[in-house]
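Inspection log for the structure reproduced underneath, given as structure tokens.
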Amino acid sequence: MKSNSEREATLFPMAGGRLTSSFLAFAILLSIAVVPVPARALVSLMEMGRIEAADAATHDNTLALFQGYLSLGLFPEAASLLERRVRRMIIEIPAAAPLFDVLVDAQGRFDSPERLLAVCRTAINNGSRTPQVLYFYGMGLRSVQGRLGEASAALAQVGPGSPYHLLALYALGQIAAERGDVAAAEELFRRVEQGAGRPGGNGNLARRAARSRAEILIAAGRGAEAAPVFKALLREENEPLDRIGLASAGTDPVSALELLPAEMTSSLPLRERIRFLLLFGGLARDSGRYKLAVDRLTLAGRELEEAISPAASPYTEPLAPSAILESIRLQIDRLRSLRRGMDSAESLSKEAV
């Protein structure tokens, strides 16, 4: 389970085995405040054209042109401008670094991993290996299939002392969870929980790390260890996801989930509602309640199909960016396969099942 975030809501393809694990491996990313752009008046298009056409490039008109590109959302053009000015030594690398930081943060707010990676690579190639650039570069790589190793290497370079250090550790914990490395994920989440939970720390990040740690404990069959964590979270916040987690950590999770108020689960955001149905279906299947599992998985598949249907209302809550729609379709196919298997199992004896 994971709380909503403004930055990313990625659904990963379901791996073989327990549906519970696929639900619990979902990642959390946090919103980060934009670094202020150097204070300058907005630059008109006419002025930008004049600067681009001028023979002489100066530090000041470079900043003005950069501000213009940034205000128009032309991030690749802004990155290219900085690259040219750095190579011509009009802007020194130390002066360009904070501008690249502003740029990657702004680009990171849009669903375009390819453009984010391009901007980050431009920054790195021009000597700007700041914690912010490395963090966003790692997050961009993480969204590309088959590049988790590179993502981990980039995130591991975000050292202590940076405001991005704990965020990078959290992302590394998510990657470890996705790979099924429970011990590494548990340790990383614990470090984030302890670091962010100190006086003056990020309480929201500490709670998310605790929640993620509890989720992987449930996935590893250690619900008794997860239950106290969810109880502590519920004392701080009355989050529906923590109530679901506590119910899932018990000795009879299916019955506990059935007792949750219908209005609580129906009011969940679309992403969380689908993940709840996947969790419920997986637990019901594991407990041998195949009819209930089929019902919940069928409903999850229906909601997934409606969410990515071309006929869906433009005002419907977006489920996921277009870059991961194929992953969602793969999930739908797997849901259908699971349902067929459980439908067949209904007619078999207990021993055959």
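Naming scheme: A, B, ... for chains in displayed order of the structure tokens; residues 1 onward per chain; ligands 1 onward as shown.
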Set the distance at 10 Å and use only C-alpha atoms: which residues neighbour segment 253-269 of chain A once local chain neighbours fewer than 3 positions away are removed? I'd like the list as a count of residues only.
33
Contact residues around segment 101-104 of chain A with only C-alpha atoms at 7 Å, ignoring same-chain residues under 4 positions, as a PyMOL selection string
chain A and resi 35+37+75+97+108+116+119-120+132-133+136
Using Å and a single decimal, report how far atom CA of Glu92 of chain A sits from atom CA of Gly161 of chain A.
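Rounded to one decimal, the two atoms are 24.2 Å apart.
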Would you list the contacts of Val158 of chain A as number ranges by chain, taking every protein, DNA or RNA residue within 7 Å and counting only C-alpha atoms, but skipping same-chain residues closer than 6 positions in sequence?
A: 131, 134-135, 164-165, 168
Write out the residues from the selection above, keeping N, CA and C atoms, as an mmCIF file, in the first residue's frame.
data_model
loop_
_atom_site.group_PDB
_atom_site.id
_atom_site.type_symbol
_atom_site.label_atom_id
_atom_site.label_comp_id
_atom_site.auth_asym_id
_atom_site.auth_seq_id
_atom_site.Cartn_x
_atom_site.Cartn_y
_atom_site.Cartn_z
ATOM 1 N N PRO A 131 23.602 16.284 -5.871
ATOM 2 C CA PRO A 131 22.667 15.281 -5.342
ATOM 3 C C PRO A 131 21.303 15.341 -6.014
ATOM 4 N N LEU A 134 21.581 13.747 -9.522
ATOM 5 C CA LEU A 134 21.751 12.298 -9.417
ATOM 6 C C LEU A 134 20.456 11.622 -8.956
ATOM 7 N N TYR A 135 19.744 12.272 -8.033
ATOM 8 C CA TYR A 135 18.486 11.704 -7.561
ATOM 9 C C TYR A 135 17.469 11.613 -8.703
ATOM 10 N N TYR A 164 18.310 15.169 -0.380
ATOM 11 C CA TYR A 164 17.835 14.081 -1.236
ATOM 12 C C TYR A 164 18.342 12.718 -0.775
ATOM 13 N N HIS A 165 19.173 12.690 0.274
ATOM 14 C CA HIS A 165 19.781 11.424 0.701
ATOM 15 C C HIS A 165 18.726 10.416 1.158
ATOM 16 N N ALA A 168 16.624 9.190 -1.644
ATOM 17 C CA ALA A 168 17.333 8.203 -2.456
ATOM 18 C C ALA A 168 17.341 6.842 -1.759
#
Fewer than 3 positions away in the same chain doesn't count, so skip those; otherwise give me all residues within 10 Å of segment 137-143 of chain A, counting only C-alpha atoms, as JSON, numbers by chain.
{"A": [8, 10, 12, 29, 104, 108, 111, 112, 113, 114, 115, 116, 117, 118, 119, 120, 121, 123, 124, 129, 131, 132, 133, 134, 146, 147, 148, 149, 150, 151, 152, 153, 154, 155, 156, 157, 158, 168, 171, 172, 175, 323, 324]}
Skip Ala57 of chain A itself and residues of its chain fewer than 6 positions away, then list as a PyMOL selection string all residues within 9 Å of it, counting only C-alpha atoms.
chain A and resi 51+85+90
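Using only C-alpha atoms, the contacts of Leu166 of chain A at a cut-off of 8 Å, with sequence neighbours closer than 6 positions omitted, comprise Val192, Gly195 and Ala196 of chain A.
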Resulting file, chosen residues, all heavy atoms, as a PDB file, in the first residue's frame:
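In the end it all went to part16.pdb:
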ATOM      1  N   VAL A 192      15.600   5.018   6.673  1.00  0.00           N
ATOM      2  CA  VAL A 192      14.840   6.220   6.317  1.00  0.00           C
ATOM      3  C   VAL A 192      13.908   6.601   7.460  1.00  0.00           C
ATOM      4  O   VAL A 192      13.800   7.787   7.830  1.00  0.00           O
ATOM      5  CB  VAL A 192      14.036   5.991   5.030  1.00  0.00           C
ATOM      6  CG1 VAL A 192      13.152   7.209   4.733  1.00  0.00           C
ATOM      7  CG2 VAL A 192      14.967   5.717   3.851  1.00  0.00           C
ATOM      8  N   GLY A 195      16.029   8.120  10.236  1.00  0.00           N
ATOM      9  CA  GLY A 195      16.605   9.410   9.868  1.00  0.00           C
ATOM     10  C   GLY A 195      15.565  10.506   9.743  1.00  0.00           C
ATOM     11  O   GLY A 195      15.756  11.634  10.228  1.00  0.00           O
ATOM     12  N   ALA A 196      14.448  10.193   9.095  1.00  0.00           N
ATOM     13  CA  ALA A 196      13.410  11.205   8.887  1.00  0.00           C
ATOM     14  C   ALA A 196      12.596  11.450  10.156  1.00  0.00           C
ATOM     15  O   ALA A 196      11.948  12.488  10.281  1.00  0.00           O
ATOM     16  CB  ALA A 196      12.482  10.773   7.757  1.00  0.00           C
TER      17      ALA A 196
END
